[in-house]
$ cat run-v4.pdb   # PDB, C-alpha atoms
ATOM      1  CA  MET C   1     105.626 -36.579  37.293
ATOM      2  CA  THR C   2     104.721 -35.781  33.690
ATOM      3  CA  ALA C   3     101.047 -35.300  34.630
ATOM      4  CA  ALA C   4     102.027 -33.036  37.522
ATOM      5  CA  ALA C   5     104.229 -30.950  35.244
ATOM      6  CA  ARG C   6     101.377 -30.604  32.775
ATOM      7  CA  HIS C   7      98.984 -29.532  35.565
ATOM      8  CA  VAL C   8     101.230 -26.687  36.776
ATOM      9  CA  HIS C   9     102.464 -25.775  33.293
ATOM     10  CA  ILE C  10     106.119 -26.452  34.100
ATOM     11  CA  ALA C  11     108.457 -28.691  32.137
ATOM     12  CA  GLN C  12     108.816 -32.182  33.603
ATOM     13  CA  PRO C  13     112.626 -31.961  34.055
ATOM     14  CA  ALA C  14     112.171 -28.762  36.081
ATOM     15  CA  ILE C  15     109.622 -30.487  38.356
ATOM     16  CA  SER C  16     112.025 -33.409  38.848
ATOM     17  CA  ARG C  17     114.856 -31.049  39.797
ATOM     18  CA  GLN C  18     112.640 -29.215  42.299
ATOM     19  CA  VAL C  19     111.605 -32.490  43.936
ATOM     20  CA  GLN C  20     115.226 -33.631  44.140
ATOM     21  CA  ALA C  21     116.248 -30.292  45.643
ATOM     22  CA  LEU C  22     113.459 -30.561  48.262
ATOM     23  CA  GLU C  23     114.487 -34.120  49.141
ATOM     24  CA  ALA C  24     118.097 -32.973  49.534
ATOM     25  CA  GLU C  25     117.055 -30.073  51.747
ATOM     26  CA  LEU C  26     114.828 -32.233  53.957
ATOM     27  CA  GLY C  27     117.167 -35.223  53.970
ATOM     28  CA  VAL C  28     114.199 -37.523  53.295
ATOM     29  CA  LYS C  29     113.196 -39.481  50.210
ATOM     30  CA  LEU C  30     109.688 -38.327  49.275
ATOM     31  CA  PHE C  31     108.933 -40.696  46.395
ATOM     32  CA  LEU C  32     109.614 -44.352  45.627
ATOM     33  CA  ARG C  33     109.756 -45.665  42.063
ATOM     34  CA  ASP C  34     107.387 -48.538  41.303
ATOM     35  CA  GLY C  35     108.177 -49.566  37.755
ATOM     36  CA  ARG C  36     107.381 -46.550  35.631
ATOM     37  CA  ARG C  37     105.249 -44.956  38.342
ATOM     38  CA  LEU C  38     106.115 -42.980  41.448
ATOM     39  CA  ARG C  39     104.441 -43.403  44.807
ATOM     40  CA  LEU C  40     104.848 -41.523  48.057
ATOM     41  CA  SER C  41     107.418 -42.838  50.502
ATOM     42  CA  PRO C  42     106.549 -42.978  54.244
ATOM     43  CA  GLY C  43     108.254 -39.594  54.595
ATOM     44  CA  GLY C  44     106.246 -38.233  51.666
ATOM     45  CA  ARG C  45     102.984 -39.425  53.225
ATOM     46  CA  ARG C  46     103.939 -37.692  56.486
ATOM     47  CA  LEU C  47     104.729 -34.454  54.666
ATOM     48  CA  LEU C  48     101.579 -34.427  52.498
ATOM     49  CA  PRO C  49      99.047 -33.148  55.112
ATOM     50  CA  ILE C  50     101.529 -30.477  56.218
ATOM     51  CA  VAL C  51     101.892 -29.268  52.643
ATOM     52  CA  ARG C  52      98.142 -29.247  52.152
ATOM     53  CA  ASP C  53      97.742 -27.155  55.318
ATOM     54  CA  LEU C  54     100.386 -24.681  54.121
ATOM     55  CA  ILE C  55      98.622 -24.348  50.779
ATOM     56  CA  ALA C  56      95.283 -23.748  52.516
ATOM     57  CA  ARG C  57      96.863 -21.082  54.713
ATOM     58  CA  ALA C  58      98.443 -19.413  51.694
ATOM     59  CA  ASP C  59      95.076 -19.408  49.905
ATOM     60  CA  SER C  60      93.440 -17.909  53.009
ATOM     61  CA  ALA C  61      96.108 -15.199  53.261
ATOM     62  CA  ARG C  62      95.673 -14.352  49.584
ATOM     63  CA  ALA C  63      91.895 -14.118  49.967
ATOM     64  CA  THR C  64      92.255 -11.923  53.066
ATOM     65  CA  MET C  65      94.669  -9.547  51.369
ATOM     66  CA  THR C  66      92.402  -9.322  48.320
ATOM     67  CA  ALA C  67      89.429  -8.550  50.569
ATOM     68  CA  LEU C  68      91.381  -5.779  52.294
ATOM     69  CA  ALA C  69      92.446  -4.269  48.990
ATOM     70  CA  GLN C  70      88.828  -4.273  47.779
ATOM     71  CA  GLY C  71      87.409  -2.905  51.030
ATOM     72  CA  ILE C  72      85.552  -6.114  51.858
ATOM     73  CA  GLN C  73      85.014  -6.846  55.565
ATOM     74  CA  VAL C  74      87.551  -9.216  57.120
ATOM     75  CA  GLN C  75      86.362 -12.161  59.222
ATOM     76  CA  LEU C  76      88.273 -11.959  62.492
ATOM     77  CA  THR C  77      89.197 -14.812  64.809
ATOM     78  CA  VAL C  78      88.529 -13.937  68.457
ATOM     79  CA  ALA C  79      89.657 -15.756  71.613
ATOM     80  CA  ALA C  80      87.609 -15.370  74.787
ATOM     81  CA  HIS C  81      86.312 -17.230  77.813
ATOM     82  CA  PRO C  82      83.127 -19.219  77.049
ATOM     83  CA  THR C  83      81.148 -17.132  79.552
ATOM     84  CA  THR C  84      82.303 -13.944  77.844
ATOM     85  CA  ILE C  85      81.348 -15.326  74.433
ATOM     86  CA  ALA C  86      77.899 -16.425  75.591
ATOM     87  CA  ASP C  87      76.964 -13.518  77.866
ATOM     88  CA  VAL C  88      78.787 -10.513  76.416
ATOM     89  CA  ILE C  89      79.804 -11.072  72.801
ATOM     90  CA  ALA C  90      76.696 -12.959  71.644
ATOM     91  CA  PRO C  91      74.301 -10.136  72.663
ATOM     92  CA  PHE C  92      76.528  -7.688  70.783
ATOM     93  CA  ILE C  93      76.368  -9.785  67.611
ATOM     94  CA  SER C  94      72.588 -10.108  67.918
ATOM     95  CA  SER C  95      72.297  -6.315  68.175
ATOM     96  CA  ARG C  96      74.131  -5.641  64.903
ATOM     97  CA  GLY C  97      71.583  -4.349  62.451
ATOM     98  CA  GLU C  98      73.834  -4.042  59.396
ATOM     99  CA  PRO C  99      75.525  -6.990  57.666
ATOM    100  CA  PHE C 100      79.009  -7.697  58.963
ATOM    101  CA  ALA C 101      81.477 -10.536  58.972
ATOM    102  CA  THR C 102      80.711 -12.564  62.104
ATOM    103  CA  PRO C 103      83.997 -13.517  63.815
ATOM    104  CA  THR C 104      85.184 -17.045  64.349
ATOM    105  CA  PHE C 105      85.496 -17.741  68.070
ATOM    106  CA  VAL C 106      88.116 -19.736  69.939
ATOM    107  CA  VAL C 107      87.297 -20.746  73.522
ATOM    108  CA  ALA C 108      90.141 -19.882  75.899
ATOM    109  CA  THR C 109      90.763 -18.924  79.505
ATOM    110  CA  ALA C 110      91.749 -15.319  80.222
ATOM    111  CA  ASP C 111      95.500 -15.981  80.029
ATOM    112  CA  ALA C 112      95.286 -18.560  77.238
ATOM    113  CA  ALA C 113      93.556 -15.968  75.050
ATOM    114  CA  TYR C 114      96.675 -13.804  75.224
ATOM    115  CA  ASP C 115      98.898 -16.808  74.522
ATOM    116  CA  ALA C 116      96.896 -17.537  71.363
ATOM    117  CA  LEU C 117      97.249 -13.893  70.347
ATOM    118  CA  ALA C 118     101.028 -14.005  70.856
ATOM    119  CA  ARG C 119     101.230 -17.080  68.616
ATOM    120  CA  ALA C 120      99.178 -15.240  65.956
ATOM    121  CA  GLU C 121      96.498 -17.958  66.152
ATOM    122  CA  VAL C 122      93.802 -15.334  66.699
ATOM    123  CA  ASP C 123      93.345 -11.720  65.623
ATOM    124  CA  LEU C 124      91.791 -10.427  68.825
ATOM    125  CA  ALA C 125      91.767 -11.520  72.465
ATOM    126  CA  ILE C 126      88.986 -10.464  74.846
ATOM    127  CA  SER C 127      89.952 -11.093  78.454
ATOM    128  CA  THR C 128      89.547  -9.978  82.031
ATOM    129  CA  SER C 129      93.312 -10.162  82.619
ATOM    130  CA  PRO C 130      95.333  -6.925  82.248
ATOM    131  CA  PRO C 131      96.685  -6.556  78.688
ATOM    132  CA  PRO C 132     100.268  -7.701  78.032
ATOM    133  CA  ARG C 133     102.897  -5.088  77.273
ATOM    134  CA  ASP C 134     103.564  -4.119  73.655
ATOM    135  CA  THR C 135      99.990  -4.755  72.558
ATOM    136  CA  ALA C 136      97.183  -2.469  71.485
ATOM    137  CA  SER C 137      94.243  -2.611  73.871
ATOM    138  CA  GLN C 138      90.915  -1.086  74.759
ATOM    139  CA  LEU C 139      89.046  -1.183  78.059
ATOM    140  CA  VAL C 140      85.653  -2.497  76.976
ATOM    141  CA  ALA C 141      83.707  -2.192  80.217
ATOM    142  CA  ARG C 142      83.773  -2.581  83.976
ATOM    143  CA  PHE C 143      81.282  -4.905  85.638
ATOM    144  CA  PRO C 144      80.311  -4.883  89.334
ATOM    145  CA  ILE C 145      80.970  -8.027  91.367
ATOM    146  CA  TRP C 146      77.994  -8.908  93.531
ATOM    147  CA  ALA C 147      77.375 -10.916  96.660
ATOM    148  CA  GLN C 148      74.100 -12.769  96.044
ATOM    149  CA  VAL C 149      71.859 -14.184  98.756
ATOM    150  CA  PRO C 150      68.369 -15.741  98.883
ATOM    151  CA  SER C 151      65.387 -13.604  99.870
ATOM    152  CA  SER C 152      65.303 -15.352 103.263
ATOM    153  CA  HIS C 153      68.860 -14.264 104.124
ATOM    154  CA  ALA C 154      69.442 -11.601 106.798
ATOM    155  CA  TRP C 155      71.113  -9.397 104.166
ATOM    156  CA  ALA C 156      68.258  -9.611 101.670
ATOM    157  CA  GLY C 157      67.114  -6.057 102.426
ATOM    158  CA  HIS C 158      70.610  -4.555 102.174
ATOM    159  CA  ASP C 159      72.188  -2.868  99.159
ATOM    160  CA  ARG C 160      75.845  -3.477 100.003
ATOM    161  CA  VAL C 161      78.203  -5.409 102.257
ATOM    162  CA  GLY C 162      81.776  -4.809 103.340
ATOM    163  CA  LEU C 163      84.392  -7.329 102.271
ATOM    164  CA  SER C 164      85.415  -8.102 105.859
ATOM    165  CA  THR C 165      81.792  -8.892 106.723
ATOM    166  CA  LEU C 166      81.371 -11.032 103.602
ATOM    167  CA  LEU C 167      84.446 -13.100 104.474
ATOM    168  CA  ARG C 168      82.753 -14.310 107.646
ATOM    169  CA  GLN C 169      80.063 -16.051 105.575
ATOM    170  CA  PRO C 170      80.316 -19.470 103.857
ATOM    171  CA  LEU C 171      80.982 -18.687 100.188
ATOM    172  CA  VAL C 172      80.091 -20.209  96.826
ATOM    173  CA  LEU C 173      82.811 -19.160  94.394
ATOM    174  CA  LEU C 174      83.642 -19.590  90.718
ATOM    175  CA  ASP C 175      86.851 -21.431  89.919
ATOM    176  CA  LEU C 176      90.099 -19.657  89.075
ATOM    177  CA  THR C 177      89.519 -19.761  85.314
ATOM    178  CA  HIS C 178      87.050 -16.929  85.937
ATOM    179  CA  GLY C 179      88.359 -13.381  86.228
ATOM    180  CA  THR C 180      85.741 -12.670  88.893
ATOM    181  CA  ARG C 181      87.394 -15.174  91.224
ATOM    182  CA  ARG C 182      90.884 -13.777  90.576
ATOM    183  CA  VAL C 183      89.756 -10.225  91.366
ATOM    184  CA  PHE C 184      88.156 -11.496  94.566
ATOM    185  CA  GLU C 185      91.326 -13.377  95.561
ATOM    186  CA  ASP C 186      93.470 -10.295  94.923
ATOM    187  CA  GLU C 187      91.250  -8.179  97.165
ATOM    188  CA  VAL C 188      91.284 -10.821  99.925
ATOM    189  CA  ARG C 189      95.097 -10.855  99.822
ATOM    190  CA  ARG C 190      95.193  -7.060 100.043
ATOM    191  CA  VAL C 191      93.320  -7.133 103.343
ATOM    192  CA  HIS C 192      95.176 -10.275 104.542
ATOM    193  CA  GLY C 193      91.808 -11.961 104.869
ATOM    194  CA  SER C 194      90.613 -15.554 104.797
ATOM    195  CA  TYR C 195      87.301 -17.251 104.122
ATOM    196  CA  ARG C 196      85.489 -20.584 104.060
ATOM    197  CA  VAL C 197      84.434 -21.855 100.637
ATOM    198  CA  VAL C 198      81.587 -24.383 100.647
ATOM    199  CA  ALA C 199      81.540 -24.868  96.861
ATOM    200  CA  GLU C 200      83.762 -23.976  93.920
ATOM    201  CA  VAL C 201      82.090 -24.273  90.512
ATOM    202  CA  GLY C 202      82.793 -23.458  86.889
ATOM    203  CA  VAL C 203      79.315 -22.324  85.847
ATOM    204  CA  PRO C 204      77.792 -19.108  87.268
ATOM    205  CA  GLY C 205      74.262 -20.502  87.095
ATOM    206  CA  ILE C 206      75.245 -23.404  89.330
ATOM    207  CA  ALA C 207      76.769 -20.985  91.849
ATOM    208  CA  GLN C 208      73.483 -19.104  91.920
ATOM    209  CA  ALA C 209      71.476 -22.299  92.335
ATOM    210  CA  MET C 210      73.648 -23.265  95.299
ATOM    211  CA  ALA C 211      73.257 -19.818  96.860
ATOM    212  CA  ALA C 212      69.491 -20.071  96.381
ATOM    213  CA  SER C 213      69.546 -23.391  98.249
ATOM    214  CA  GLY C 214      70.975 -21.543 101.238
ATOM    215  CA  ILE C 215      74.401 -23.201 101.538
ATOM    216  CA  GLY C 216      76.383 -19.992 101.085
ATOM    217  CA  VAL C 217      76.734 -16.534  99.560
ATOM    218  CA  ALA C 218      77.585 -16.507  95.838
ATOM    219  CA  VAL C 219      80.185 -14.049  94.528
ATOM    220  CA  LEU C 220      79.801 -13.308  90.825
ATOM    221  CA  THR C 221      78.889 -10.687  88.201
ATOM    222  CA  ASP C 222      75.759 -12.268  86.720
ATOM    223  CA  ASP C 223      72.360 -10.688  87.181
ATOM    224  CA  PRO C 224      70.485 -12.461  89.985
ATOM    225  CA  ALA C 225      68.485 -15.612  89.281
ATOM    226  CA  TYR C 226      66.317 -17.877  91.481
ATOM    227  CA  ASP C 227      64.985 -14.818  93.351
ATOM    228  CA  LEU C 228      68.439 -13.982  94.707
ATOM    229  CA  ARG C 229      69.242 -10.507  96.015
ATOM    230  CA  LYS C 230      72.456  -8.753  94.949
ATOM    231  CA  LEU C 231      74.656  -6.625  97.173
ATOM    232  CA  THR C 232      77.559  -4.390  96.178
ATOM    233  CA  ILE C 233      80.825  -5.593  97.767
ATOM    234  CA  ASP C 234      82.803  -2.699  99.255
ATOM    235  CA  GLY C 235      86.563  -3.308  99.037
ATOM    236  CA  THR C 236      89.512  -1.203 100.137
ATOM    237  CA  ASP C 237      89.252   1.166  97.147
ATOM    238  CA  GLY C 238      85.510   1.098  96.605
ATOM    239  CA  PRO C 239      83.059  -1.423  95.125
ATOM    240  CA  LEU C 240      84.622  -4.555  93.654
ATOM    241  CA  HIS C 241      84.476  -4.744  89.880
ATOM    242  CA  ILE C 242      86.060  -6.626  87.009
ATOM    243  CA  SER C 243      87.436  -5.075  83.832
ATOM    244  CA  LEU C 244      87.071  -6.528  80.347
ATOM    245  CA  TYR C 245      89.747  -5.751  77.738
ATOM    246  CA  ALA C 246      90.052  -6.180  73.992
ATOM    247  CA  VAL C 247      93.676  -6.761  72.952
ATOM    248  CA  TRP C 248      95.356  -7.057  69.552
ATOM    249  CA  ASP C 249      98.659  -6.611  67.742
ATOM    250  CA  SER C 250      98.996  -2.987  66.642
ATOM    251  CA  THR C 251     100.930  -4.111  63.540
ATOM    252  CA  HIS C 252      98.191  -6.546  62.460
ATOM    253  CA  TYR C 253      97.377  -6.294  58.753
ATOM    254  CA  ALA C 254      93.691  -5.815  59.629
ATOM    255  CA  ALA C 255      94.268  -3.418  62.542
ATOM    256  CA  ALA C 256      91.726  -0.943  61.123
ATOM    257  CA  ALA C 257      89.044  -3.661  60.953
ATOM    258  CA  ILE C 258      89.903  -4.801  64.500
ATOM    259  CA  ARG C 259      89.641  -1.245  65.847
ATOM    260  CA  GLU C 260      86.279  -0.810  64.138
ATOM    261  CA  PHE C 261      84.975  -4.056  65.644
ATOM    262  CA  VAL C 262      86.325  -3.179  69.109
ATOM    263  CA  ALA C 263      84.824   0.333  69.008
ATOM    264  CA  ALA C 264      81.362  -1.027  68.197
ATOM    265  CA  PHE C 265      81.718  -3.817  70.772
ATOM    266  CA  THR C 266      82.847  -1.349  73.450
ATOM    267  CA  ALA C 267      79.995   1.080  72.786
ATOM    268  CA  HIS C 268      77.420  -1.715  73.037
ATOM    269  CA  THR C 269      78.941  -3.486  76.057
ATOM    270  CA  ALA C 270      79.711  -0.360  78.090
ATOM    271  CA  GLU C 271      76.104   0.758  77.750
ATOM    272  CA  LEU C 272      74.805  -2.569  79.004
ATOM    273  CA  SER C 273      77.387  -2.891  81.785
ATOM    274  CA  ASP C 274      76.250   0.473  83.134
ATOM    275  CA  ALA C 275      72.761  -1.011  83.274
ATOM    276  CA  GLY C 276      74.094  -4.146  84.998
ATOM    277  CA  THR C 277      72.846  -6.543  82.371
ATOM    278  CA  GLN C 278      76.042  -8.167  81.116
ATOM    279  CA  THR C 279      78.496 -10.674  82.510
ATOM    280  CA  PRO C 280      82.208 -11.154  81.758
ATOM    281  CA  ALA C 281      84.130 -14.307  82.641
TER
END

$ encode --input "run-v4.pdb" --output "structure tokens"
Amino acid sequence: MTAAARHVHIAQPAISRQVQALEAELGVKLFLRDGRRLRLSPGGRRLLPIVRDLIARADSARATMTALAQGIQVQLTVAAHPTTIADVIAPFISSRGEPFATPTFVVATADAAYDALARAEVDLAISTSPPPRDTASQLVARFPIWAQVPSSHAWAGHDRVGLSTLLRQPLVLLDLTHGTRRVFEDEVRRVHGSYRVVAEVGVPGIAQAMAASGIGVAVLTDDPAYDLRKLTIDGTDGPLHISLYAVWDSTHYAAAAIREFVAAFTAHTAELSDAGTQTPA
């Protein structure tokens, strides 16, 4: 206790009183006396990693606030679907010519990204789900959803297909963690339709490989691979598409930095989505 007091430049009796007050507040003995020495009790050992984490968070908060005050770029934490990170965000980062603080990324499904944002575990959520109420948001881009068929398919020479016609084909679909699948399901419900799924996969490239093998028509946003042909899917209100949103807390301490990041990300992604060269989740 004396060494600890010396380290923090506080009198030893004051340190002892603070420890006793903390033990009284927690209702747990934190130290055990072993002769003239103190050692952590089981409760103290359980508390130690929690305290260390709190100290690390406090140090991080202090560093962040100092960086803001000095105009230094803040490193953001961003939650997004792995497909969005790989196919949309990564190309944006690679295009940045000037130095900037590369975000830390947290892999999450579309809805889980918003949950992490609500718990303040991330600074920014990028998702294909509509933004929650009481959040700041920006529509980043809209991406067309394609039906993709092999070159030998009867539709290979067509540019578009109606949803009702598509539903009569065996389909290769992404699973429900993908926004593309949820948009497709919503449109099918709107027309009270039904379909036959021959494969449900989590990786767009696998869906394309299966479509190329001829077992069914793939429905996804990725640019064609394996010599597939893409067709626009005409729904009730026009071609099917999926929207990508950036969402954050408007009261966030680094809201200005988030808006700057989102503006640059939107400008880059919207340009590429117009060219049909990007893929959301």

$ closest_residue --input "run-v4.pdb" --among "C:Ala125, C:Ala14, C:Val219, C:Ile145" --to "Ser243 of chain C" --atoms "all atoms listed in the file"
C:Ile145

$ closest_residue --input "run-v4.pdb" --among "C:Val78, C:Leu176, C:Ala136, C:Leu54" --to "Ala256 of chain C" --atoms "all atoms listed in the file"
C:Ala136

$ resolve_selection --input "run-v4.pdb" --expression "the PyMOL selection byres ((chain C and resi 211) around 10)" --output "PDB file with C-alpha atoms, in the frame of the given file"
ATOM      1  CA  ALA C 147      77.375 -10.916  96.660  1.00  0.00           C
ATOM      2  CA  GLN C 148      74.100 -12.769  96.044  1.00  0.00           C
ATOM      3  CA  VAL C 149      71.859 -14.184  98.756  1.00  0.00           C
ATOM      4  CA  PRO C 150      68.369 -15.741  98.883  1.00  0.00           C
ATOM      5  CA  PRO C 170      80.316 -19.470 103.857  1.00  0.00           C
ATOM      6  CA  LEU C 171      80.982 -18.687 100.188  1.00  0.00           C
ATOM      7  CA  VAL C 172      80.091 -20.209  96.826  1.00  0.00           C
ATOM      8  CA  LEU C 173      82.811 -19.160  94.394  1.00  0.00           C
ATOM      9  CA  ALA C 199      81.540 -24.868  96.861  1.00  0.00           C
ATOM     10  CA  GLY C 205      74.262 -20.502  87.095  1.00  0.00           C
ATOM     11  CA  ILE C 206      75.245 -23.404  89.330  1.00  0.00           C
ATOM     12  CA  ALA C 207      76.769 -20.985  91.849  1.00  0.00           C
ATOM     13  CA  GLN C 208      73.483 -19.104  91.920  1.00  0.00           C
ATOM     14  CA  ALA C 209      71.476 -22.299  92.335  1.00  0.00           C
ATOM     15  CA  MET C 210      73.648 -23.265  95.299  1.00  0.00           C
ATOM     16  CA  ALA C 212      69.491 -20.071  96.381  1.00  0.00           C
ATOM     17  CA  SER C 213      69.546 -23.391  98.249  1.00  0.00           C
ATOM     18  CA  GLY C 214      70.975 -21.543 101.238  1.00  0.00           C
ATOM     19  CA  ILE C 215      74.401 -23.201 101.538  1.00  0.00           C
ATOM     20  CA  GLY C 216      76.383 -19.992 101.085  1.00  0.00           C
ATOM     21  CA  VAL C 217      76.734 -16.534  99.560  1.00  0.00           C
ATOM     22  CA  ALA C 218      77.585 -16.507  95.838  1.00  0.00           C
ATOM     23  CA  VAL C 219      80.185 -14.049  94.528  1.00  0.00           C
ATOM     24  CA  ALA C 225      68.485 -15.612  89.281  1.00  0.00           C
ATOM     25  CA  TYR C 226      66.317 -17.877  91.481  1.00  0.00           C
ATOM     26  CA  LEU C 228      68.439 -13.982  94.707  1.00  0.00           C
TER      27      LEU C 228
END

$ atom_distance --input "run-v4.pdb" --atom1 "atom CA of Ile242 of chain C" --atom2 "atom CA of Ala101 of chain C"
28.7 Å

$ residues_around --input "run-v4.pdb" --residues "segment 86-98 of chain C" --least-positions-apart "4" --cutoff "12 Å" --atoms "all atoms listed in the file" --output "ChimeraX atom specification"
/C:78-82,102-105,107,125-127,140-141,143,203-205,221-223,244,246,261-273,276-281

$ atom_distance --input "run-v4.pdb" --atom1 "atom CA of Val191 of chain C" --atom2 "atom CA of Thr236 of chain C"
7.7 Å

$ residues_around --input "run-v4.pdb" --residues "Pro130 of chain C" --least-positions-apart "4" --cutoff "10 Å" --atoms "only C-alpha atoms" --output "CSV table (one decimal) with C-alpha atoms, in the coordinates of the input"
chain,number,residue,atom,x,y,z
C,110,ALA,CA,91.7,-15.3,80.2
C,111,ASP,CA,95.5,-16.0,80.0
C,114,TYR,CA,96.7,-13.8,75.2
C,137,SER,CA,94.2,-2.6,73.9
C,139,LEU,CA,89.0,-1.2,78.1
C,243,SER,CA,87.4,-5.1,83.8
C,244,LEU,CA,87.1,-6.5,80.3
C,245,TYR,CA,89.7,-5.8,77.7
C,246,ALA,CA,90.1,-6.2,74.0
C,247,VAL,CA,93.7,-6.8,73.0

$ residues_around --input "run-v4.pdb" --residues "Gly202 of chain C" --least-positions-apart "2" --cutoff "8 Å" --atoms "all atoms listed in the file" --output "list in words"
Leu174, Asp175, Thr177, His178, Glu200, Pro204 and Ile206 of chain C

$ atom_distance --input "run-v4.pdb" --atom1 "atom CA of Ser164 of chain C" --atom2 "atom CA of Glu187 of chain C"
10.5 Å
